[in-house]
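**Q** my_file04.txt (compact mmCIF, C-alpha atoms) pasted underneath:
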# COMPACT_ATOMS: atom_id res chain seq x y z
CA MET A 1123 -40.86 -139.81 -64.46
CA ARG A 1124 -44.30 -139.90 -65.97
CA LEU A 1125 -44.12 -143.64 -66.35
CA THR A 1126 -44.08 -145.16 -62.89
CA PRO A 1127 -42.72 -148.67 -62.87
CA LEU A 1128 -45.61 -151.07 -62.43
CA GLY A 1129 -43.80 -152.96 -59.69
CA LEU A 1130 -43.51 -149.83 -57.56
CA CYS A 1131 -47.26 -149.18 -57.89
CA ILE A 1132 -48.17 -152.62 -56.69
CA CYS A 1133 -45.63 -152.33 -53.92
CA ALA A 1134 -47.09 -149.02 -52.68
CA ALA A 1135 -50.62 -150.32 -52.80
CA TRP A 1136 -49.57 -153.43 -50.98
CA SER A 1137 -47.84 -151.61 -48.17
CA LEU A 1138 -50.64 -149.03 -47.53
CA PRO A 1139 -53.84 -151.04 -47.73
CA SER A 1140 -55.70 -149.22 -44.91
CA LEU A 1141 -55.72 -145.72 -46.44
CA ALA A 1142 -58.95 -146.19 -48.39
CA ALA A 1143 -61.40 -144.78 -45.85
CA GLN A 1144 -64.97 -145.57 -46.76
CA LEU A 1145 -68.20 -143.89 -45.70
CA ASP A 1146 -71.39 -145.92 -45.88
CA LEU A 1147 -74.55 -143.87 -45.69
CA SER A 1148 -78.05 -145.13 -45.20
CA LEU A 1149 -80.57 -142.33 -45.60
CA GLU A 1150 -84.31 -142.60 -45.30
CA ILE A 1151 -86.75 -140.37 -47.15
CA PRO A 1152 -89.93 -140.74 -45.10
CA GLN A 1153 -93.38 -141.35 -46.46
CA LEU A 1154 -95.51 -138.25 -45.82
CA ASP A 1155 -99.27 -137.99 -45.69
CA VAL A 1156 -99.67 -134.86 -47.80
CA ALA A 1157 -102.01 -133.85 -50.63
CA GLU A 1158 -99.27 -132.78 -52.99
CA TYR A 1159 -95.99 -134.62 -52.77
CA HIS A 1160 -92.75 -133.77 -54.52
CA ARG A 1161 -89.52 -135.61 -53.91
CA PRO A 1162 -87.18 -133.60 -51.71
CA TYR A 1163 -83.93 -132.04 -52.77
CA VAL A 1164 -81.24 -133.62 -50.57
CA ALA A 1165 -77.58 -132.71 -50.05
CA ALA A 1166 -74.91 -134.32 -47.87
CA TRP A 1167 -71.43 -133.02 -47.22
CA ILE A 1168 -68.59 -133.15 -44.69
CA GLU A 1169 -67.62 -129.86 -43.07
CA ASP A 1170 -64.60 -129.14 -40.87
CA ASP A 1171 -64.84 -127.06 -37.70
CA SER A 1172 -63.98 -123.86 -39.58
CA ARG A 1173 -67.05 -124.56 -41.74
CA HIS A 1174 -65.10 -125.43 -44.86
CA VAL A 1175 -66.51 -128.20 -46.94
CA ALA A 1176 -64.06 -131.11 -46.89
CA ARG A 1177 -66.16 -133.44 -49.07
CA ASN A 1178 -69.25 -133.00 -51.17
CA LEU A 1179 -71.05 -136.32 -51.01
CA LEU A 1180 -74.31 -135.85 -52.85
CA VAL A 1181 -76.93 -133.43 -54.09
CA TRP A 1182 -80.18 -134.80 -55.43
CA TYR A 1183 -82.24 -132.37 -57.44
CA GLN A 1184 -84.32 -132.17 -60.57
CA GLN A 1185 -81.75 -131.96 -63.32
CA ASP A 1186 -81.99 -129.14 -65.84
CA ARG A 1187 -83.33 -130.03 -69.26
CA ARG A 1188 -80.96 -129.75 -72.18
CA ASN A 1189 -83.36 -127.84 -74.42
CA PRO A 1190 -85.89 -126.18 -72.15
CA SER A 1191 -88.90 -124.38 -73.57
CA PRO A 1192 -88.43 -120.62 -73.18
CA ASN A 1193 -90.49 -120.11 -70.05
CA ALA A 1194 -89.86 -123.47 -68.39
CA GLU A 1195 -88.48 -123.38 -64.86
CA GLN A 1196 -85.33 -125.40 -64.49
CA GLY A 1197 -84.81 -127.70 -61.50
CA SER A 1198 -81.63 -125.94 -60.43
CA LYS A 1199 -83.71 -122.84 -59.70
CA TRP A 1200 -84.63 -124.29 -56.29
CA LEU A 1201 -81.14 -125.32 -55.19
CA PRO A 1202 -80.75 -122.19 -52.98
CA ASP A 1203 -83.61 -123.64 -50.87
CA LEU A 1204 -81.01 -126.06 -49.51
CA ARG A 1205 -79.92 -123.00 -47.56
CA GLN A 1206 -76.88 -124.28 -45.70
CA TRP A 1207 -75.61 -126.38 -48.57
CA TRP A 1208 -76.04 -123.43 -50.94
CA ARG A 1209 -74.09 -121.16 -48.65
CA ARG A 1210 -71.31 -123.59 -47.79
CA THR A 1211 -70.67 -125.05 -51.21
CA GLY A 1212 -73.57 -125.09 -53.70
CA ARG A 1213 -73.32 -121.49 -54.85
CA ALA A 1214 -69.65 -122.02 -55.74
CA LEU A 1215 -70.18 -125.23 -57.72
CA ASP A 1216 -70.59 -125.64 -61.43
CA LEU A 1217 -73.42 -128.16 -61.60
CA PRO A 1218 -73.96 -130.91 -62.52
CA LEU A 1219 -70.96 -132.23 -60.59
CA ASP A 1220 -69.63 -135.65 -61.52
CA GLY A 1221 -70.26 -138.28 -58.86
CA VAL A 1222 -72.13 -135.83 -56.62
CA SER A 1223 -75.25 -134.55 -58.36
CA ALA A 1224 -78.03 -136.95 -59.19
CA ALA A 1225 -81.76 -137.08 -59.71
CA THR A 1226 -84.18 -136.85 -56.77
CA ARG A 1227 -85.07 -140.16 -55.11
CA ALA A 1228 -88.30 -141.78 -54.03
CA VAL A 1229 -89.55 -142.53 -50.53
CA GLY A 1230 -87.52 -145.31 -48.91
CA VAL A 1231 -84.11 -146.15 -47.50
CA HIS A 1232 -81.19 -145.37 -49.77
CA ARG A 1233 -77.75 -146.91 -49.21
CA MET A 1234 -74.60 -145.44 -50.70
CA SER A 1235 -70.86 -145.77 -50.24
CA PHE A 1236 -68.25 -143.06 -50.72
CA GLN A 1237 -64.47 -143.36 -50.88
CA LEU A 1238 -63.11 -140.58 -48.70
CA ASP A 1239 -59.61 -140.91 -50.14
CA THR A 1240 -59.42 -140.34 -53.84
CA THR A 1241 -56.53 -139.37 -56.07
CA ASP A 1242 -57.45 -135.68 -56.12
CA GLN A 1243 -58.68 -135.61 -52.50
CA PRO A 1244 -56.19 -137.33 -50.21
CA ASP A 1245 -56.84 -138.37 -46.63
CA LEU A 1246 -59.02 -136.09 -44.48
CA ALA A 1247 -56.76 -133.92 -42.30
CA PRO A 1248 -57.00 -134.69 -38.56
CA GLY A 1249 -59.70 -132.65 -36.86
CA HIS A 1250 -63.34 -132.28 -35.85
CA TYR A 1251 -65.87 -132.79 -38.61
CA LYS A 1252 -69.61 -132.79 -39.15
CA LEU A 1253 -71.49 -134.85 -41.67
CA ARG A 1254 -74.38 -132.57 -42.65
CA ILE A 1255 -77.51 -133.77 -44.41
CA GLU A 1256 -80.06 -131.22 -45.60
CA ALA A 1257 -83.42 -131.77 -47.29
CA ALA A 1258 -85.90 -129.26 -48.75
CA ARG A 1259 -89.18 -130.11 -50.42
CA GLU A 1260 -91.48 -128.16 -52.72
CA GLU A 1261 -94.75 -127.46 -50.86
CA GLY A 1262 -92.97 -128.81 -47.80
CA GLY A 1263 -90.34 -127.90 -45.25
CA ARG A 1264 -86.64 -128.06 -44.79
CA GLU A 1265 -84.51 -130.05 -42.37
CA LEU A 1266 -80.82 -130.12 -41.53
CA ILE A 1267 -79.14 -132.88 -39.53
CA ASP A 1268 -75.57 -132.66 -38.21
CA LEU A 1269 -73.60 -135.76 -37.24
CA PRO A 1270 -70.28 -134.79 -35.63
CA PHE A 1271 -67.21 -137.03 -35.70
CA ASP A 1272 -63.47 -136.82 -35.12
CA TRP A 1273 -60.83 -137.90 -37.62
CA PRO A 1274 -58.68 -139.92 -37.82
CA ALA A 1275 -60.35 -142.92 -36.24
CA THR A 1276 -58.72 -146.19 -35.29
CA ALA A 1277 -61.90 -148.25 -35.38
CA PRO A 1278 -65.00 -147.95 -37.60
CA LEU A 1279 -67.27 -145.08 -36.52
CA THR A 1280 -71.02 -145.41 -36.41
CA LEU A 1281 -73.17 -142.27 -36.44
CA ASN A 1282 -76.91 -142.33 -36.08
CA GLY A 1283 -79.40 -139.58 -36.74
CA GLN A 1284 -83.15 -139.29 -36.87
CA GLY A 1285 -85.00 -136.66 -38.87
CA GLY A 1286 -88.28 -135.29 -37.66
CA SER A 1287 -89.95 -134.02 -40.82
CA GLU A 1288 -88.22 -134.21 -44.19
CA LEU A 1289 -85.69 -136.89 -43.31
CA GLY A 1290 -86.07 -140.26 -41.59
CA ALA A 1291 -83.44 -142.51 -40.01
CA ILE A 1292 -79.83 -141.85 -40.95
CA ARG A 1293 -77.07 -144.35 -40.30
CA VAL A 1294 -73.46 -143.74 -41.17
CA THR A 1295 -70.43 -146.00 -40.86
CA ILE A 1296 -66.99 -144.62 -41.52
CA THR A 1297 -64.35 -147.30 -41.89
CA PRO A 1298 -60.78 -146.03 -41.65
CA MET B 559 -107.21 -70.73 -48.96
CA LYS B 560 -105.50 -72.07 -45.92
CA LEU B 561 -106.84 -75.55 -46.58
CA LEU B 562 -105.69 -75.40 -50.20
CA TYR B 563 -102.25 -74.35 -49.13
CA SER B 564 -101.80 -77.24 -46.77
CA ALA B 565 -103.11 -79.63 -49.40
CA ALA B 566 -100.53 -78.31 -51.84
CA LEU B 567 -97.80 -78.66 -49.26
CA GLY B 568 -98.98 -82.17 -48.53
CA ALA B 569 -98.74 -83.03 -52.21
CA ALA B 570 -95.24 -81.60 -52.34
CA LEU B 571 -94.21 -83.96 -49.58
CA LEU B 572 -95.23 -86.94 -51.65
CA THR B 573 -92.42 -86.30 -54.10
CA PRO B 574 -90.33 -89.46 -54.31
CA LEU B 575 -87.87 -89.84 -51.44
CA SER B 576 -88.57 -86.41 -50.01
CA ALA B 577 -91.49 -87.55 -47.87
CA LEU B 578 -90.92 -86.41 -44.32
CA ALA B 579 -93.08 -88.63 -42.16
CA HIS B 580 -92.96 -91.39 -44.74
CA ASP B 581 -90.07 -93.75 -45.04
CA THR B 582 -89.14 -95.14 -48.41
CA TRP B 583 -88.32 -98.76 -48.98
CA LEU B 584 -87.45 -101.36 -51.58
CA LEU B 585 -88.52 -104.96 -51.16
CA PRO B 586 -86.85 -107.64 -53.30
CA SER B 587 -88.74 -110.93 -53.63
CA LYS B 588 -85.56 -112.89 -52.78
CA THR B 589 -81.93 -111.94 -52.24
CA VAL B 590 -80.10 -115.27 -52.50
CA LEU B 591 -80.57 -116.88 -55.91
CA ALA B 592 -78.94 -118.87 -58.69
CA THR B 593 -77.65 -117.36 -61.94
CA GLY B 594 -80.33 -116.68 -64.55
CA GLN B 595 -83.19 -116.25 -62.07
CA TRP B 596 -85.53 -113.28 -61.87
CA VAL B 597 -86.34 -111.12 -58.87
CA THR B 598 -89.19 -108.66 -58.58
CA VAL B 599 -88.76 -105.54 -56.47
CA ASP B 600 -91.45 -103.36 -54.90
CA ALA B 601 -90.76 -99.73 -54.03
CA ALA B 602 -92.93 -97.40 -51.98
CA ALA B 603 -93.16 -94.75 -49.28
CA SER B 604 -95.13 -95.40 -46.10
CA THR B 605 -94.95 -94.61 -42.41
CA GLN B 606 -93.88 -98.17 -41.67
CA PRO B 607 -91.36 -99.99 -43.85
CA PHE B 608 -92.77 -102.69 -46.16
CA ILE B 609 -96.41 -101.80 -45.48
CA LYS B 610 -98.10 -100.88 -48.77
CA ASP B 611 -100.57 -98.24 -47.63
CA HIS B 612 -99.40 -94.88 -48.89
CA ALA B 613 -97.66 -93.98 -52.15
CA PRO B 614 -95.47 -95.54 -54.84
CA LEU B 615 -91.98 -94.28 -55.69
CA ARG B 616 -91.83 -92.62 -59.07
CA LEU B 617 -88.91 -94.58 -60.44
CA ASN B 618 -87.29 -93.83 -63.78
CA SER B 619 -83.93 -94.15 -65.50
CA ASP B 620 -82.73 -90.97 -63.75
CA ASN B 621 -83.20 -92.21 -60.20
CA LEU B 622 -83.08 -96.01 -60.47
CA HIS B 623 -79.57 -97.39 -60.89
CA ILE B 624 -78.89 -101.12 -60.98
CA THR B 625 -75.24 -102.15 -60.96
CA ALA B 626 -74.40 -105.66 -62.18
CA PRO B 627 -71.52 -107.62 -60.59
CA ASP B 628 -69.15 -106.58 -63.41
CA GLY B 629 -69.91 -102.90 -62.76
CA SER B 630 -72.11 -102.40 -65.82
CA ALA B 631 -75.65 -101.02 -65.62
CA ALA B 632 -78.37 -103.68 -65.53
CA GLU B 633 -81.83 -103.06 -66.92
CA ALA B 634 -85.05 -102.98 -64.91
CA HIS B 635 -87.89 -104.73 -66.74
CA ASN B 636 -91.64 -104.16 -66.42
CA LEU B 637 -91.28 -100.94 -64.46
CA ALA B 638 -94.75 -99.92 -63.35
CA THR B 639 -96.24 -97.45 -60.91
CA GLY B 640 -99.28 -98.61 -58.97
CA LYS B 641 -101.43 -96.79 -56.47
CA LEU B 642 -99.58 -98.05 -53.42
CA ARG B 643 -96.29 -99.30 -54.77
CA SER B 644 -94.15 -99.31 -57.87
CA THR B 645 -92.49 -102.46 -59.12
CA PHE B 646 -89.88 -103.76 -61.52
CA ASP B 647 -88.20 -107.04 -62.44
CA LEU B 648 -84.54 -107.88 -62.77
CA GLN B 649 -82.87 -110.92 -64.26
CA LEU B 650 -79.62 -111.98 -62.61
CA GLU B 651 -77.68 -112.88 -65.74
CA GLN B 652 -74.27 -112.70 -64.08
CA GLU B 653 -72.90 -114.48 -61.05
CA GLY B 654 -72.25 -112.18 -58.11
CA THR B 655 -73.95 -109.36 -56.21
CA TYR B 656 -76.19 -106.75 -57.86
CA LYS B 657 -76.69 -103.34 -56.28
CA ILE B 658 -80.13 -101.79 -56.74
CA ALA B 659 -79.95 -98.09 -55.86
CA VAL B 660 -82.53 -95.32 -55.88
CA LEU B 661 -80.86 -91.93 -55.84
CA PHE B 662 -82.53 -88.62 -55.26
CA ASP B 663 -80.38 -85.55 -55.66
CA SER B 664 -82.21 -82.25 -55.63
CA MET B 665 -82.32 -78.73 -54.24
CA MET B 666 -85.12 -76.94 -52.49
CA ALA B 667 -85.38 -73.28 -51.51
CA SER B 668 -87.58 -71.73 -48.84
CA TRP B 669 -87.98 -68.09 -47.80
CA GLN B 670 -90.38 -65.71 -46.20
CA GLU B 671 -92.15 -62.65 -47.66
CA GLY B 672 -93.66 -60.84 -44.72
CA GLU B 673 -95.73 -63.49 -42.95
CA GLN B 674 -95.98 -65.70 -46.04
CA ARG B 675 -93.69 -68.71 -46.38
CA HIS B 676 -92.62 -69.89 -49.83
CA ARG B 677 -91.05 -73.05 -51.20
CA TRP B 678 -89.52 -73.57 -54.60
CA PRO B 679 -89.48 -75.46 -56.95
CA PRO B 680 -93.00 -76.90 -56.91
CA ARG B 681 -93.61 -80.61 -57.22
CA GLY B 682 -92.44 -82.10 -60.49
CA SER B 683 -90.20 -79.16 -61.41
CA THR B 684 -86.45 -79.11 -61.26
CA PHE B 685 -84.30 -76.64 -59.40
CA SER B 686 -82.05 -74.17 -61.19
CA ALA B 687 -80.08 -71.25 -59.80
CA ALA B 688 -81.40 -68.95 -62.55
CA GLY B 689 -84.97 -70.04 -61.86
CA LEU B 690 -84.55 -69.41 -58.15
CA ALA B 691 -83.18 -65.89 -58.80
CA LYS B 692 -86.38 -65.06 -60.73
CA GLN B 693 -88.60 -66.35 -57.91
CA VAL B 694 -87.06 -64.75 -54.86
CA PRO B 695 -88.00 -61.06 -54.39
CA PRO B 696 -85.37 -58.63 -53.05
CA ASP B 697 -87.24 -58.24 -49.74
CA ALA B 698 -87.34 -61.98 -49.00
CA THR B 699 -86.09 -63.05 -45.59
CA LYS B 700 -84.90 -66.36 -44.14
CA LEU B 701 -83.78 -67.66 -47.53
CA ARG B 702 -82.52 -71.20 -47.22
CA VAL B 703 -81.36 -73.40 -50.08
CA THR B 704 -81.00 -77.04 -49.14
CA GLU B 705 -79.33 -79.75 -51.18
CA MET B 706 -80.99 -83.14 -50.63
CA LEU B 707 -78.92 -86.22 -51.30
CA ARG B 708 -80.81 -89.41 -50.61
CA ARG B 709 -79.60 -92.88 -51.41
CA MET B 710 -81.53 -96.09 -50.91
CA GLU B 711 -80.11 -99.50 -51.75
CA THR B 712 -80.85 -103.19 -51.70
CA TYR B 713 -78.76 -106.10 -52.90
CA VAL B 714 -79.43 -109.43 -54.59
CA THR B 715 -76.93 -112.17 -55.38
CA ALA B 716 -76.76 -114.97 -57.91
CA GLY B 717 -74.34 -117.67 -56.74
CA GLN B 718 -71.42 -116.41 -54.67
CA PRO B 719 -71.62 -112.91 -53.20
CA ASP B 720 -68.88 -110.44 -54.17
CA ASN B 721 -68.27 -106.73 -53.75
CA ARG B 722 -67.41 -105.55 -57.23
CA ALA B 723 -70.65 -103.54 -57.48
CA HIS B 724 -70.02 -101.75 -54.17
CA LYS B 725 -67.33 -99.26 -55.18
CA PRO B 726 -68.27 -96.08 -53.30
CA THR B 727 -68.91 -92.97 -55.36
CA GLY B 728 -67.49 -90.73 -52.65
CA LYS B 729 -70.61 -88.55 -52.58
CA GLY B 730 -72.96 -88.41 -49.61
CA LEU B 731 -73.70 -91.32 -47.26
CA GLU B 732 -72.86 -94.81 -48.48
CA LEU B 733 -72.52 -98.24 -46.93
CA VAL B 734 -69.79 -100.75 -47.76
CA PRO B 735 -69.93 -104.40 -46.73
CA VAL B 736 -67.48 -105.99 -44.32
CA THR B 737 -69.88 -108.93 -44.02
CA PRO B 738 -71.29 -109.47 -47.54
CA PHE B 739 -74.77 -107.90 -47.87
CA ASN B 740 -76.25 -111.20 -49.07
CA ASP B 741 -74.52 -113.50 -46.59
CA LEU B 742 -76.45 -112.51 -43.47
CA TYR B 743 -77.64 -115.12 -40.97
CA SER B 744 -79.58 -114.62 -37.77
CA ASP B 745 -76.98 -116.40 -35.62
CA GLU B 746 -74.03 -114.34 -36.87
CA PRO B 747 -73.34 -110.65 -36.24
CA ALA B 748 -72.87 -108.54 -39.38
CA THR B 749 -70.38 -105.68 -39.79
CA PHE B 750 -70.78 -102.80 -42.24
CA GLN B 751 -68.96 -99.52 -42.71
CA LEU B 752 -70.70 -96.19 -43.25
CA LEU B 753 -68.98 -93.57 -45.39
CA LEU B 754 -69.61 -89.85 -45.70
CA ASP B 755 -68.16 -88.42 -48.92
CA GLY B 756 -65.94 -91.50 -49.12
CA GLN B 757 -64.54 -91.15 -45.58
CA PRO B 758 -65.55 -93.24 -42.52
CA ALA B 759 -68.64 -91.67 -40.89
CA SER B 760 -67.99 -91.99 -37.14
CA ASP B 761 -70.51 -91.56 -34.29
CA GLN B 762 -73.41 -91.64 -36.70
CA PRO B 763 -76.72 -92.98 -35.34
CA ILE B 764 -78.28 -95.89 -37.26
CA LYS B 765 -81.82 -97.17 -36.97
CA ILE B 766 -82.87 -100.67 -37.95
CA VAL B 767 -86.47 -101.87 -38.19
CA ALA B 768 -87.52 -105.48 -38.82
CA ASP B 769 -90.35 -106.42 -41.17
CA GLY B 770 -93.66 -107.58 -39.70
CA LEU B 771 -94.63 -104.30 -38.01
CA ARG B 772 -98.30 -105.02 -38.55
CA TYR B 773 -98.10 -108.06 -36.32
CA ARG B 774 -96.47 -106.54 -33.27
CA ASP B 775 -97.39 -103.64 -30.99
CA ALA B 776 -94.09 -101.79 -30.83
CA VAL B 777 -91.69 -100.79 -33.59
CA GLN B 778 -88.79 -102.30 -31.61
CA ALA B 779 -86.23 -100.33 -33.61
CA ILE B 780 -82.60 -101.24 -33.06
CA LYS B 781 -80.57 -98.08 -32.44
CA LEU B 782 -76.83 -98.27 -32.97
CA THR B 783 -73.97 -95.80 -33.46
CA THR B 784 -71.00 -96.19 -35.80
CA ASP B 785 -67.56 -96.42 -34.16
CA LYS B 786 -64.55 -94.22 -34.97
CA ASP B 787 -63.99 -96.15 -38.22
CA GLY B 788 -67.60 -95.75 -39.27
CA ARG B 789 -68.24 -99.41 -38.51
CA VAL B 790 -71.36 -100.85 -37.02
CA ILE B 791 -71.89 -104.42 -35.78
CA ILE B 792 -75.46 -105.72 -35.91
CA ASN B 793 -76.81 -108.67 -33.94
CA TRP B 794 -80.00 -109.68 -35.73
CA PRO B 795 -82.94 -110.58 -33.49
CA GLY B 796 -84.13 -113.16 -36.04
CA PRO B 797 -84.37 -113.93 -39.75
CA GLY B 798 -86.36 -111.63 -42.04
CA MET B 799 -86.21 -108.39 -43.99
CA TYR B 800 -84.66 -105.35 -42.30
CA TRP B 801 -84.87 -101.64 -43.08
CA MET B 802 -81.81 -99.68 -42.03
CA ASN B 803 -81.58 -95.90 -42.14
CA THR B 804 -79.28 -93.09 -41.19
CA SER B 805 -79.41 -89.37 -41.94
CA LEU B 806 -77.58 -86.17 -41.15
CA ARG B 807 -77.41 -82.49 -42.06
CA ASP B 808 -74.27 -80.50 -42.72
CA ASN B 809 -73.13 -77.43 -44.61
CA LYS B 810 -70.90 -79.06 -47.24
CA ALA B 811 -73.46 -78.25 -49.90
CA THR B 812 -73.02 -77.59 -53.60
CA LYS B 813 -73.73 -73.93 -54.48
CA PRO B 814 -76.15 -72.23 -54.45
CA ALA B 815 -77.27 -74.48 -51.57
CA THR B 816 -75.96 -73.56 -48.15
CA GLU B 817 -76.90 -76.71 -46.30
CA ARG B 818 -77.12 -80.36 -47.11
CA SER B 819 -79.60 -83.01 -46.01
CA LEU B 820 -78.27 -86.55 -46.45
CA SER B 821 -79.83 -89.91 -45.92
CA PHE B 822 -78.97 -93.52 -46.59
CA THR B 823 -81.32 -96.49 -46.44
CA ALA B 824 -80.48 -100.16 -46.95
CA ILE B 825 -82.89 -103.06 -47.17
CA LEU B 826 -81.29 -106.35 -46.14
CA GLU B 827 -82.46 -109.91 -45.86
CA VAL B 828 -81.29 -112.07 -42.96
CA LEU B 829 -81.68 -115.83 -43.39
CA SER B 830 -82.06 -118.52 -40.78
CA PRO B 831 -79.02 -120.78 -40.47
What does the file become when written as structure tokens?
**A**
Amino acid sequence: MRLTPLGLCICAAWSLPSLAAQLDLSLEIPQLDVAEYHRPYVAAWIEDDSRHVARNLLVWYQQDRRNPSPNAEQGSKWLPDLRQWWRRTGRALDLPLDGVSAATRAVGVHRMSFQLDTTDQPDLAPGHYKLRIEAAREEGGRELIDLPFDWPATAPLTLNGQGGSELGAIRVTITP
Amino acid sequence: MKLLYSAALGAALLTPLSALAHDTWLLPSKTVLATGQWVTVDAAASTQPFIKDHAPLRLNSDNLHITAPDGSAAEAHNLATGKLRSTFDLQLEQEGTYKIAVLFDSMMASWQEGEQRHRWPPRGSTFSAAGLAKQVPPDATKLRVTEMLRRMETYVTAGQPDNRAHKPTGKGLELVPVTPFNDLYSDEPATFQLLLDGQPASDQPIKIVADGLRYRDAVQAIKLTTDKDGRVIINWPGPGMYWMNTSLRDNKATKPATERSLSFTAILEVLSP
């Protein structure tokens, strides 16, 4: 049974082409007129209406060094400052997490795509969801933006958000 | 003489955790952290919680008990006693919730010889039944021996909160979490259960004071009462540090004490959502 006939695989893929839901995220880190600037820590995740995290999309933070000097502060020390993310998922994760954690990013618009259906995470169950994007910056503030949506969708969904301090314009397209 | 006497009595009241008009408090630098991080904790007695203007707590290995998530004892580092507060550091080496407890378990006798009132033992000395017998003359009146059992706790968590460190001892007043102690948010009510000698403590008044007393005119204490199961539900007025206290007197004392004075204090941090 371990060896699936190749023909069957192709057949299954052929007959279910629309299952690969894709989320395209455009996220702006705004330019700030401050004396001391550090790139923000940013996390994005999808939460269901019972506040369970359905998908962890990204967490950008200063990665820990492999061989830190004894008194050096590691970047992961500040992850609890992403308060909601830490509570909902971060504190239970073993970081770095493949495909989710990455280095902090510079000012500008960042575009990313995520496959919502993967082999270990099948289709999102029908229900109400929120895409949550949280940013926290050293010597700065913290901002959390919620973009609600319902799943499944028959047509592509477009969600727009606008941060006021730590985040700029956010544009999301979810293609079923 | 009279002045000296009151000065001596005043000094006696400064004994850690036995201060009458002064409330004791612990103040952790943070309560929600990642594994490996350090916290620093201040401890003091003052008329208003978290205001450093009176006396430090004299902490030592007898009265300071830190329980790690796995139930083992964790070590306080850099323990120091200042003029207005004492302080120590703690590294959160394990994932889970740490319980930081200050316990004060003592006995105090008072009696009258004619018009003169006496208290024993003096500050810094320990109580013993044999010692008391030597002190109290046969003609003493109004002899009272009180057992004082005071427990003060705060909690800090690395990673996910858990309740392995919260096993009640079954002695005196204790609080057990229904809502985890380090998962408190200003938009969510929290539920805790108060125990007296391991059993639910019903109809017990509880007082809660928010930090920032110096910047408001009234104390604005929240006064609540535990239900029949010893439970209390708290709706936080906002994020911040909170000082929570309850006390009672009963006669379930350990001999030779005839009455018991119990108190429990918790210091909790409420985060904004």
**Q** Taking only C-alpha atoms into account and nothing else, which residues of chain B lie no more than 7 Å away from chain A? Please answer as a short mmCIF file (atom, residue, chain, number, x, y, z; two decimals) with C-alpha atoms, in the coordinates of the input.
**A**
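Saved as out_2.cif:
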data_model
loop_
_atom_site.label_atom_id
_atom_site.label_comp_id
_atom_site.auth_asym_id
_atom_site.auth_seq_id
_atom_site.Cartn_x
_atom_site.Cartn_y
_atom_site.Cartn_z
CA VAL B 590 -80.10 -115.27 -52.50
CA LEU B 591 -80.57 -116.88 -55.91
CA ALA B 592 -78.94 -118.87 -58.69
CA GLY B 717 -74.34 -117.67 -56.74
CA GLN B 718 -71.42 -116.41 -54.67
CA PRO B 831 -79.02 -120.78 -40.47
#
**Q** Set the distance at 9 Å and use all atoms listed in the file: which residues neighbour segment 753-756 of chain B once local chain neighbours fewer than 5 positions away are removed? I'd like the list as a list in words.
**A**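 That gives Pro726, Thr727, Gly728, Lys729, Gly730, Leu731, Glu732, Leu733, Val734 and Gly788 of chain B.
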**Q** Which of these, B:Thr605, B:Thr699, B:Thr704, B:Ser587, has the shortest distance to Ser664 of chain B once you count all atoms listed in the file?
**A**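 Smallest distance to Ser664 of chain B is found for B:Thr704.
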**Q** Determine the nearest neighbour of Pro1248 of chain A from the options A:Ala1142, A:Leu1179, A:Ala1275, A:Leu1147, counting only C-alpha atoms.
**A**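 Among the listed residues, A:Ala1275 lies closest to Pro1248 of chain A.
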**Q** Calculate how many Å separate atom CA of Asp769 of chain B from atom CA of Gln649 of chain B, rounding to one decimal.
**A**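 These two atoms are separated by 24.7 Å.
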**Q** Closest to Ala688 of chain B among B:Pro814, B:Thr593, B:Tyr773, B:Ile780, using all atoms listed in the file?
**A** B:Pro814
**Q** Counting all atoms listed in the file, which residues sit no farther than 10 Å from the position (-93.3, -102.2, -46.8) in the file's frame? I'd like them as a PyMOL selection string.
**A** chain B and resi 581-585+600-612+643+769-771+799+801
**Q** Please, what distance in Å, to one decimal, runs between atom CA of Leu1279 of chain A and atom CA of Asp1171 of chain A?
**A**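 A separation of 18.2 Å between them.
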